[in-house]
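S.K.: Sharing entry.csv, CSV, C-alpha atoms:
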chain,number,residue,atom,x,y,z
A,1,MET,CA,-57.3,63.4,-133.7
A,2,ILE,CA,-54.4,65.0,-135.5
A,3,THR,CA,-52.3,62.6,-137.5
A,4,ALA,CA,-48.7,62.9,-138.5
A,5,GLU,CA,-45.7,61.0,-139.9
A,6,GLN,CA,-42.1,61.3,-139.1
A,7,LYS,CA,-40.0,63.3,-141.4
A,8,PRO,CA,-37.2,61.6,-143.3
A,9,PHE,CA,-34.3,60.8,-141.0
A,10,GLU,CA,-31.8,62.7,-143.0
A,11,GLU,CA,-34.0,65.8,-143.0
A,12,ILE,CA,-34.1,65.6,-139.3
A,13,ARG,CA,-30.3,65.2,-139.1
A,14,GLU,CA,-29.8,68.2,-141.2
A,15,MET,CA,-32.0,70.4,-139.1
A,16,ILE,CA,-30.3,69.4,-135.8
A,17,ALA,CA,-26.8,69.6,-137.3
A,18,PRO,CA,-25.9,73.0,-135.8
A,19,TYR,CA,-26.9,72.0,-132.3
A,20,GLN,CA,-25.0,70.1,-129.6
A,21,ARG,CA,-27.5,69.5,-126.8
A,22,ILE,CA,-30.8,68.4,-128.1
A,23,LEU,CA,-34.0,67.5,-126.3
A,24,VAL,CA,-36.2,65.1,-128.3
A,25,LEU,CA,-39.7,65.9,-127.1
A,26,GLY,CA,-42.6,63.5,-127.6
A,27,CYS,CA,-46.3,64.2,-127.2
A,28,ALA,CA,-48.5,61.5,-125.6
A,29,SER,CA,-51.7,62.6,-127.3
A,30,CYS,CA,-52.8,62.4,-130.9
A,31,VAL,CA,-49.4,61.7,-132.3
A,32,ALA,CA,-49.0,58.8,-129.9
A,33,GLU,CA,-52.3,57.3,-131.1
A,34,CYS,CA,-51.0,57.5,-134.7
A,35,ALA,CA,-47.7,56.0,-133.7
A,36,ALA,CA,-45.7,59.0,-134.9
A,37,GLY,CA,-44.6,60.9,-131.8
A,38,GLY,CA,-45.5,59.2,-128.6
A,39,GLN,CA,-43.1,57.9,-125.9
A,40,LYS,CA,-42.2,54.8,-128.0
A,41,GLU,CA,-41.5,56.8,-131.2
A,42,THR,CA,-39.6,59.4,-129.2
A,43,ALA,CA,-37.4,56.7,-127.7
A,44,MET,CA,-36.8,55.2,-131.2
A,45,LEU,CA,-35.9,58.4,-132.8
A,46,ALA,CA,-33.6,59.6,-130.0
A,47,SER,CA,-31.9,56.2,-129.9
A,48,THR,CA,-31.4,56.2,-133.7
A,49,LEU,CA,-30.0,59.7,-133.7
A,50,ARG,CA,-27.6,58.9,-130.9
A,51,MET,CA,-26.4,55.8,-132.7
A,52,LYS,CA,-25.9,57.6,-136.0
A,53,GLY,CA,-24.1,60.4,-134.1
A,54,LYS,CA,-21.8,58.0,-132.5
A,55,MET,CA,-21.1,56.3,-135.8
A,56,GLU,CA,-20.2,59.7,-137.3
A,57,GLY,CA,-18.0,60.6,-134.2
A,58,GLU,CA,-20.3,63.5,-133.3
A,59,GLU,CA,-20.2,65.0,-129.8
A,60,LYS,CA,-23.9,65.7,-129.4
A,61,ILE,CA,-25.9,65.1,-126.3
A,62,ILE,CA,-29.4,63.9,-127.2
A,63,GLU,CA,-31.9,63.3,-124.5
A,64,GLU,CA,-35.6,62.6,-124.5
A,65,HIS,CA,-38.8,63.5,-122.7
A,66,THR,CA,-42.5,63.1,-123.5
A,67,LEU,CA,-45.2,65.6,-122.5
A,68,ASP,CA,-48.8,64.6,-122.0
A,69,ARG,CA,-49.7,67.3,-124.6
A,70,GLN,CA,-47.5,69.8,-126.4
A,71,CYS,CA,-50.4,71.9,-127.5
A,72,VAL,CA,-51.6,72.9,-124.0
A,73,ASN,CA,-49.5,75.5,-122.1
A,74,ASP,CA,-50.3,73.9,-118.8
A,75,PHE,CA,-48.4,70.8,-119.9
A,76,VAL,CA,-45.7,72.6,-121.8
A,77,ILE,CA,-44.7,74.7,-118.8
A,78,ARG,CA,-43.5,71.5,-117.1
A,79,LEU,CA,-40.4,71.7,-119.3
A,80,ASP,CA,-39.3,74.5,-117.1
A,81,ASP,CA,-37.7,72.0,-114.8
A,82,ILE,CA,-35.6,70.3,-117.5
A,83,ILE,CA,-35.1,72.8,-120.4
A,84,GLU,CA,-32.0,74.5,-119.1
A,85,GLY,CA,-28.9,73.7,-121.1
A,86,TYR,CA,-30.5,72.5,-124.3
A,87,ASP,CA,-29.5,74.3,-127.6
A,88,ALA,CA,-32.6,73.0,-129.4
A,89,ILE,CA,-35.8,71.0,-129.0
A,90,LEU,CA,-36.7,68.4,-131.6
A,91,SER,CA,-40.4,68.1,-131.3
A,92,LEU,CA,-42.5,65.1,-132.2
A,93,GLY,CA,-45.6,67.1,-131.7
A,94,CYS,CA,-48.0,68.1,-134.4
A,95,GLY,CA,-47.6,71.6,-135.9
A,96,ALA,CA,-49.7,73.0,-133.1
A,97,GLY,CA,-47.5,71.4,-130.5
A,98,VAL,CA,-44.3,72.6,-132.1
A,99,GLN,CA,-45.7,76.2,-132.2
A,100,ALA,CA,-47.0,76.1,-128.6
A,101,VAL,CA,-43.6,74.9,-127.3
A,102,GLN,CA,-41.8,77.5,-129.4
A,103,GLU,CA,-44.1,80.2,-128.1
A,104,MET,CA,-43.3,79.4,-124.6
A,105,TYR,CA,-39.5,79.0,-125.1
A,106,GLY,CA,-38.8,81.7,-127.6
A,107,GLU,CA,-35.0,81.6,-127.2
A,108,ILE,CA,-34.6,77.9,-128.0
A,109,PRO,CA,-35.2,76.7,-131.6
A,110,VAL,CA,-38.0,74.1,-131.7
A,111,ILE,CA,-37.5,71.8,-134.7
A,112,PRO,CA,-40.4,69.7,-136.1
A,113,ALA,CA,-39.6,66.0,-136.5
A,114,LEU,CA,-43.0,65.2,-137.9
A,115,ASN,CA,-45.1,66.2,-140.9
A,116,THR,CA,-48.6,66.9,-139.6
A,117,GLU,CA,-51.1,65.3,-142.0
A,118,PHE,CA,-54.8,65.5,-141.2
A,119,ILE,CA,-57.7,65.2,-138.8
A,120,GLY,CA,-58.8,61.6,-138.9
A,121,GLU,CA,-59.7,58.4,-137.2
A,122,THR,CA,-57.9,55.2,-136.4
A,123,ARG,CA,-59.8,52.9,-138.7
A,124,ALA,CA,-57.9,49.8,-137.8
A,125,GLN,CA,-54.5,49.0,-136.3
A,126,GLY,CA,-51.9,50.8,-138.4
A,127,LEU,CA,-54.6,52.5,-140.5
A,128,TRP,CA,-55.5,56.1,-140.1
A,129,VAL,CA,-57.9,57.9,-142.5
A,130,GLU,CA,-58.8,61.5,-143.1
A,131,ASN,CA,-62.4,62.3,-142.4
A,132,CYS,CA,-62.7,66.0,-141.3
A,133,LEU,CA,-61.4,69.2,-142.8
A,134,GLY,CA,-62.3,71.4,-139.8
A,135,CYS,CA,-64.4,73.6,-142.1
A,136,GLY,CA,-66.1,75.4,-139.2
A,137,ASP,CA,-69.6,74.6,-140.5
A,138,CYS,CA,-70.3,70.9,-139.9
A,139,MET,CA,-72.8,69.3,-142.4
A,140,LEU,CA,-72.6,65.7,-141.3
A,141,TYR,CA,-76.3,65.7,-140.4
A,142,HIS,CA,-77.2,66.2,-144.0
A,143,PHE,CA,-74.9,63.5,-145.3
A,144,GLY,CA,-75.5,60.6,-142.9
A,145,GLY,CA,-72.3,61.2,-140.9
A,146,VAL,CA,-70.0,60.9,-143.9
A,147,CYS,CA,-68.3,64.2,-144.9
A,148,PRO,CA,-68.2,64.7,-148.7
A,149,LEU,CA,-65.6,67.4,-148.3
A,150,ALA,CA,-63.1,65.2,-146.5
A,151,ARG,CA,-64.0,61.8,-148.0
A,152,CYS,CA,-65.1,62.4,-151.6
A,153,SER,CA,-62.0,62.9,-153.8
A,154,LYS,CA,-64.0,65.5,-155.8
A,155,GLN,CA,-65.5,67.2,-152.7
A,156,LEU,CA,-68.9,67.0,-154.3
A,157,PHE,CA,-71.9,68.4,-152.3
A,158,ASN,CA,-74.3,67.1,-154.8
A,159,GLY,CA,-73.0,63.7,-155.7
A,160,PRO,CA,-72.5,61.0,-156.7
A,161,CYS,CA,-70.3,61.7,-159.7
A,162,GLY,CA,-71.2,58.4,-161.3
A,163,GLY,CA,-67.6,57.2,-161.6
A,164,SER,CA,-67.4,54.8,-158.7
A,165,VAL,CA,-67.0,51.1,-159.3
A,166,ASP,CA,-68.1,48.5,-156.8
A,167,GLY,CA,-68.3,51.2,-154.1
A,168,LYS,CA,-64.8,52.4,-154.7
A,169,CYS,CA,-63.6,55.8,-155.8
A,170,GLU,CA,-62.5,56.2,-159.4
A,171,ILE,CA,-59.7,58.5,-158.4
A,172,ASN,CA,-58.3,56.1,-155.9
A,173,PRO,CA,-59.7,52.6,-155.8
A,174,ASP,CA,-58.2,52.0,-152.4
A,175,ILE,CA,-60.8,54.3,-150.8
A,176,ASP,CA,-64.5,53.9,-150.5
A,177,CYS,CA,-66.8,56.1,-152.6
A,178,ALA,CA,-68.0,58.7,-150.0
A,179,TRP,CA,-71.3,59.1,-151.9
A,180,GLN,CA,-71.9,55.4,-151.9
A,181,LEU,CA,-71.5,55.5,-148.1
A,182,ILE,CA,-73.7,58.6,-147.8
A,183,ILE,CA,-76.5,57.0,-149.8
A,184,ASP,CA,-76.2,53.6,-148.0
A,185,ARG,CA,-76.2,55.4,-144.6
A,186,LEU,CA,-79.1,57.7,-145.3
A,187,SER,CA,-81.1,54.8,-146.7
A,188,SER,CA,-80.5,52.8,-143.5
A,189,PHE,CA,-81.9,55.8,-141.5
A,190,GLY,CA,-84.8,56.2,-143.9
A,191,ALA,CA,-83.5,59.7,-144.5
A,192,LEU,CA,-82.6,59.7,-148.2
A,193,ASP,CA,-84.9,62.7,-148.7
A,194,ARG,CA,-82.2,64.9,-147.2
A,195,LEU,CA,-80.5,64.7,-150.6
A,196,GLU,CA,-83.5,66.0,-152.5
A,197,GLY,CA,-82.4,69.6,-152.2
A,198,ILE,CA,-79.5,71.2,-153.9
A,199,TYR,CA,-76.6,72.1,-151.6
A,200,PRO,CA,-75.0,75.4,-152.6
A,201,PRO,CA,-71.2,75.7,-152.8
A,202,LYS,CA,-69.4,75.5,-149.5
A,203,ASN,CA,-69.0,78.8,-147.6
A,204,TRP,CA,-65.3,78.7,-146.9
A,205,SER,CA,-65.3,82.0,-145.1
A,206,LYS,CA,-65.9,80.0,-141.9
A,207,LYS,CA,-62.7,78.0,-142.4
A,208,GLN,CA,-59.9,80.5,-142.8
A,209,GLY,CA,-61.7,83.4,-144.5
A,210,GLY,CA,-60.8,85.7,-141.7
A,211,GLY,CA,-57.2,84.5,-141.1
A,212,PRO,CA,-56.3,82.1,-138.3
A,213,ARG,CA,-59.3,81.1,-136.3
A,214,ARG,CA,-59.9,81.6,-132.6
A,215,ILE,CA,-62.4,80.3,-130.2
A,216,VAL,CA,-63.0,82.5,-127.2
A,217,ARG,CA,-65.0,81.2,-124.3
A,218,GLU,CA,-65.3,83.6,-121.5
A,219,ASP,CA,-66.9,81.1,-119.2
A,220,GLN,CA,-63.7,79.0,-119.5
A,221,GLN,CA,-61.3,81.9,-118.8
A,222,LYS,CA,-59.9,83.0,-115.5
B,1,MET,CA,-3.2,38.9,-138.1
B,2,THR,CA,-6.9,39.1,-137.5
B,3,THR,CA,-8.4,38.6,-134.1
B,4,GLN,CA,-11.7,36.7,-133.6
B,5,HIS,CA,-14.4,39.0,-132.3
B,6,ASN,CA,-17.1,37.6,-130.1
B,7,PRO,CA,-20.1,39.8,-130.6
B,8,ILE,CA,-22.0,40.8,-127.5
B,9,LEU,CA,-25.6,39.5,-127.8
B,10,GLY,CA,-28.7,41.2,-126.3
B,11,LEU,CA,-31.3,38.6,-126.3
B,12,PHE,CA,-35.0,39.1,-125.7
B,13,TYR,CA,-37.1,36.0,-125.5
B,14,CYS,CA,-40.6,34.9,-124.7
B,15,ARG,CA,-40.8,33.2,-121.3
B,16,ASN,CA,-42.7,30.3,-123.0
B,17,VAL,CA,-39.7,29.3,-125.0
B,18,PRO,CA,-38.5,25.8,-123.9
B,19,GLY,CA,-35.6,25.8,-121.5
B,20,SER,CA,-36.1,29.4,-120.4
B,21,SER,CA,-36.9,29.0,-116.7
B,22,GLU,CA,-35.2,31.4,-114.2
B,23,GLN,CA,-32.8,28.7,-113.2
B,24,GLU,CA,-31.8,28.0,-116.7
B,25,ARG,CA,-31.4,31.7,-117.4
B,26,GLN,CA,-29.0,32.0,-114.5
B,27,MET,CA,-27.0,29.1,-115.7
B,28,LEU,CA,-26.7,30.6,-119.2
B,29,GLU,CA,-25.6,33.9,-117.8
B,30,LYS,CA,-22.9,32.1,-115.8
B,31,LYS,CA,-21.8,30.2,-118.8
B,32,TYR,CA,-21.5,33.2,-121.2
B,33,GLY,CA,-20.6,35.9,-118.7
B,34,THR,CA,-20.6,39.4,-120.4
B,35,ARG,CA,-21.0,37.9,-123.8
B,36,ILE,CA,-24.8,37.8,-123.6
B,37,ARG,CA,-27.5,39.7,-121.8
B,38,LEU,CA,-30.8,38.0,-121.4
B,39,PHE,CA,-34.2,39.7,-121.3
B,40,PRO,CA,-37.1,37.4,-120.6
B,41,ILE,CA,-40.4,39.0,-121.6
B,42,PRO,CA,-44.0,37.7,-121.0
B,43,CYS,CA,-44.7,37.5,-124.7
B,44,SER,CA,-42.6,38.4,-127.8
B,45,GLY,CA,-45.4,40.9,-128.7
B,46,ARG,CA,-44.3,43.0,-125.8
B,47,LEU,CA,-41.1,43.8,-127.6
B,48,GLU,CA,-40.9,47.2,-129.3
B,49,PRO,CA,-38.3,48.4,-131.8
B,50,PHE,CA,-36.9,50.8,-129.2
B,51,HIS,CA,-35.9,47.8,-126.9
B,52,LEU,CA,-33.7,46.4,-129.7
B,53,LEU,CA,-32.4,49.9,-130.6
B,54,ARG,CA,-31.5,50.5,-126.9
B,55,ALA,CA,-29.6,47.3,-126.7
B,56,LEU,CA,-27.6,48.2,-129.8
B,57,GLU,CA,-27.0,51.7,-128.6
B,58,GLU,CA,-25.8,50.7,-125.1
B,59,PHE,CA,-24.0,47.4,-125.1
B,60,ALA,CA,-24.9,44.9,-127.8
B,61,ASP,CA,-23.2,44.1,-131.2
B,62,VAL,CA,-26.3,42.1,-132.1
B,63,ALA,CA,-29.8,42.1,-130.6
B,64,TYR,CA,-32.2,39.2,-131.2
B,65,LEU,CA,-35.6,38.1,-130.3
B,66,ILE,CA,-36.9,34.5,-129.8
B,67,THR,CA,-40.6,33.8,-130.2
B,68,CYS,CA,-42.9,30.9,-129.9
B,69,PRO,CA,-43.8,29.0,-133.1
B,70,GLU,CA,-46.3,30.6,-135.4
B,71,GLY,CA,-49.8,29.7,-134.3
B,72,ALA,CA,-48.6,28.8,-130.8
B,73,CYS,CA,-48.5,32.2,-129.2
B,74,ARG,CA,-50.4,32.1,-125.9
B,75,TYR,CA,-51.7,35.6,-126.7
B,76,PHE,CA,-52.6,34.6,-130.3
B,77,GLU,CA,-50.7,37.1,-132.3
B,78,GLY,CA,-47.8,38.4,-130.1
B,79,ASN,CA,-45.2,36.6,-132.3
B,80,LYS,CA,-46.8,37.9,-135.5
B,81,ARG,CA,-46.5,41.5,-134.2
B,82,ALA,CA,-43.0,40.8,-133.0
B,83,LYS,CA,-41.9,39.8,-136.5
B,84,LYS,CA,-43.0,43.1,-138.0
B,85,ARG,CA,-41.3,45.1,-135.2
B,86,VAL,CA,-38.1,43.3,-135.8
B,87,GLU,CA,-38.3,44.0,-139.5
B,88,ARG,CA,-39.0,47.6,-138.8
B,89,THR,CA,-35.9,47.8,-136.6
B,90,GLN,CA,-33.9,46.2,-139.3
B,91,GLU,CA,-35.0,48.9,-141.7
B,92,ILE,CA,-34.0,51.6,-139.2
B,93,ILE,CA,-30.6,50.3,-138.5
B,94,SER,CA,-29.9,49.6,-142.1
B,95,HIS,CA,-30.9,53.2,-142.9
B,96,ILE,CA,-28.2,54.6,-140.5
B,97,GLY,CA,-25.5,52.3,-142.0
B,98,LEU,CA,-25.6,49.3,-139.6
B,99,GLU,CA,-25.8,45.8,-141.0
B,100,LYS,CA,-29.4,44.4,-140.9
B,101,GLU,CA,-28.0,41.1,-139.5
B,102,ARG,CA,-27.3,42.9,-136.2
B,103,VAL,CA,-31.0,42.5,-135.4
B,104,GLY,CA,-32.8,39.2,-135.9
B,105,ILE,CA,-35.7,37.0,-134.9
B,106,ILE,CA,-35.8,33.3,-134.3
B,107,ILE,CA,-39.2,31.8,-134.6
B,108,GLY,CA,-39.5,28.6,-132.6
B,109,SER,CA,-40.3,25.4,-134.5
B,110,LYS,CA,-43.5,23.5,-133.6
B,111,ASP,CA,-42.1,20.2,-134.9
B,112,LYS,CA,-38.6,20.5,-133.4
B,113,PRO,CA,-38.7,22.7,-130.4
B,114,GLN,CA,-35.2,23.8,-129.5
B,115,PRO,CA,-34.3,24.9,-125.9
B,116,LEU,CA,-33.0,28.4,-125.3
B,117,ALA,CA,-29.5,27.2,-124.8
B,118,ASP,CA,-29.3,25.7,-128.3
B,119,ILE,CA,-30.8,28.7,-130.0
B,120,ILE,CA,-28.2,30.9,-128.3
B,121,GLU,CA,-25.5,28.8,-129.7
B,122,ASP,CA,-27.0,29.1,-133.2
B,123,ILE,CA,-27.3,32.9,-132.9
B,124,LEU,CA,-23.7,33.3,-131.7
B,125,GLY,CA,-22.5,31.0,-134.5
B,126,SER,CA,-24.4,32.8,-137.2
B,127,THR,CA,-23.4,36.3,-136.1
B,128,SER,CA,-19.7,35.6,-135.3
B,129,HIS,CA,-18.6,37.1,-138.6
B,130,LEU,CA,-19.9,40.5,-137.6
B,131,SER,CA,-17.3,43.1,-136.7
B,132,PRO,CA,-17.6,45.1,-133.4
B,133,SER,CA,-20.5,47.5,-133.7
B,134,PRO,CA,-19.3,50.9,-134.9
B,135,VAL,CA,-21.9,52.4,-132.4
B,136,LEU,CA,-20.0,51.0,-129.5
B,137,GLN,CA,-16.5,52.0,-130.8
B,138,TYR,CA,-17.3,55.6,-130.1
B,139,ALA,CA,-15.1,56.8,-127.3
B,140,GLY,CA,-17.4,59.7,-126.3
B,141,PRO,CA,-16.7,63.4,-126.2
B,142,PRO,CA,-13.3,64.4,-124.8
B,143,SER,CA,-13.5,65.2,-121.1
Write out the structure in this file as structure tokens.

M.R.:
Amino acid sequence: MITAEQKPFEEIREMIAPYQRILVLGCASCVAECAAGGQKETAMLASTLRMKGKMEGEEKIIEEHTLDRQCVNDFVIRLDDIIEGYDAILSLGCGAGVQAVQEMYGEIPVIPALNTEFIGETRAQGLWVENCLGCGDCMLYHFGGVCPLARCSKQLFNGPCGGSVDGKCEINPDIDCAWQLIIDRLSSFGALDRLEGIYPPKNWSKKQGGGPRRIVREDQQK
Amino acid sequence: MTTQHNPILGLFYCRNVPGSSEQERQMLEKKYGTRIRLFPIPCSGRLEPFHLLRALEEFADVAYLITCPEGACRYFEGNKRAKKRVERTQEIISHIGLEKERVGIIIGSKDKPQPLADIIEDILGSTSHLSPSPVLQYAGPPS
């Protein structure tokens, strides 16, 4: 999933300052899972903005709504019924959600309330970790399901670097050494021989070498 | 001359708190009238920060939560979670310039369980120094 964190409150206040009628728009997908932009967080932010506005004697109207997904037009279009009259949308979607809503409602500014962070997993309650860079050429098979690009601080394809201590990374001792995990995992599969070859440098042309990427599936189209 | 302000209390409490039956709740509401609004919840872990924020936004000068004693939550960790959520709410309101004390948590005592009515008296007493909430002083946009 895509992870995100809320922007500083004052930054959000500055961005919405020129507008009087604001729709705070949550997204019930990835950003709900990472407790940044779901229905609860949308309610919290809207409520906090309204309280601060009242304390400052502002005359803003701040209302809230949460879409199932902001990054899918079939869901975004449901705003048609409620969008009228708003000067701005404050989106708690990820960057893709903000842009999808803005694309559909070009005449209304869509303001990001979150900083989109990374593709990751929910490791435990309240802990999200990055584990995929979306490189376009998945090599997890070779590395026992542990991505050295996303999880090794040095992004080594031919590790380990030798600097880890007790299975922790020397760059950041809070994180596990990815290469320790790779070797442990491949050993448990009996597949350590996958590391006998030398892996060439990553071919990044499959990430953004050709500009923004697209996936076209004619069988899925109308 | 200063006038005594009686803060309006929004109170969320776990239904397992002693003295919190429906009949007792009705008696308390009759006793305090508009000064308190009571919100029984199945477990304090059900409370989210936005519940407290909504109370402060809409009617309350102070918003509190009462939980079961530590280690006595029927759902094991509801009261532990509630404590963190109350602390989060305190951070939020403090950031916008409201006193932290407008939000609080009372964790029940295992050794000396207090009935809901007594805890309410304690909360009203400890928050009586707070001025009316600046959020509720806002008169709204001119019509």

S.K.: Could you tell me how far atom CA of Leu186 of chain A sits from atom CA of Pro148 of chain A, in Å to one decimal place?

M.R.: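 Taking atom CA of Pro148 of chain A and atom CA of Leu186 of chain A, their separation equals 13.4 Å.
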
S.K.: Go through B:Leu130, B:Cys73, B:Ile96, B:Ala82 and flag the residue nearest Val17 of chain B, using all atoms listed in the file for the distances.

M.R.: B:Cys73

S.K.: Based on all atoms listed in the file, which of the residues in chain B come within 9 Å of chain A? I want them as a list in words.

M.R.: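 The answer, sorted by residue number, is Glu48, Pro49, Phe50, His51, Leu53, Arg54, Leu56, Glu57, Ile92, Ile93, His95, Ile96, Gly97, Pro134, Val135, Leu136, Gln137, Tyr138, Ala139, Gly140, Pro141 and Pro142 of chain B.
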
S.K.: Which residue gives the smallest distance to Ser153 of chain A among A:Arg123, A:Arg21, A:Arg185, A:Lys168, with all atoms listed in the file counted?

M.R.: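 Between A:Arg123, A:Arg21, A:Arg185, A:Lys168, the residue approaching Ser153 of chain A most closely is A:Lys168.
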
S.K.: Hey, which of B:Ala117, B:Ile36, B:Leu47, B:Cys68 ends up closest to Lys84 of chain B? Count only C-alpha atoms.

M.R.: B:Leu47

S.K.: Just to confirm, what's the straight-line distance from atom CA of Ala113 of chain A to atom CA of Leu90 of chain A in Å (one decimal)?

M.R.: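 Separation between atom CA of Ala113 of chain A and atom CA of Leu90 of chain A: 6.2 Å.
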
S.K.: State, in Å with one decimal place, the distance from atom CA of Trp179 of chain A to atom CA of Leu156 of chain A.

M.R.: 8.6 Å

S.K.: Compile the contact shell of Leu38 of chain B as a list in words: residues with an atom at most 10 Å away, counting all atoms listed in the file, same-chain residues fewer than 4 positions apart removed.

M.R.: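 Final neighbour list, sorted by chain and number: Leu9, Gly10, Leu11, Phe12, Tyr13, Arg25, Gln26, Leu28, Glu29 and Tyr64 of chain B.
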
S.K.: If we count only C-alpha atoms and set the cut-off at 8 Å, which residues sit around Lys100 of chain B, ignoring sequence neighbours fewer than 5 positions away in its own chain? Please answer as a PyMOL selection string.

M.R.: chain B and resi 90-91+93-94

S.K.: I'd like the neighbourhood of Thr116 of chain A as a list in words, where a residue qualifies if any of its atoms comes within 8 Å (using all atoms listed in the file), though same-chain residues fewer than 5 positions away should be ignored.

M.R.: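 Selected residues are Ile2, Thr3, Ala4, Glu5, Cys94 and Gly95 of chain A.
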
S.K.: Which residue gives the smallest distance to Glu58 of chain B among B:Leu116, B:Arg15, B:Tyr32, B:Arg37, with all atoms listed in the file counted?

M.R.: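 Closest to Glu58 of chain B, using all atoms listed in the file: B:Arg37.
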
S.K.: Set the distance at 12 Å and use all atoms listed in the file: which residues neighbour segment 122-127 of chain B once local chain neighbours fewer than 2 positions away are removed? I'd like the list as a PyMOL selection string.

M.R.: chain B and resi 4-11+32+35-36+61-66+99-106+114-120+129-133
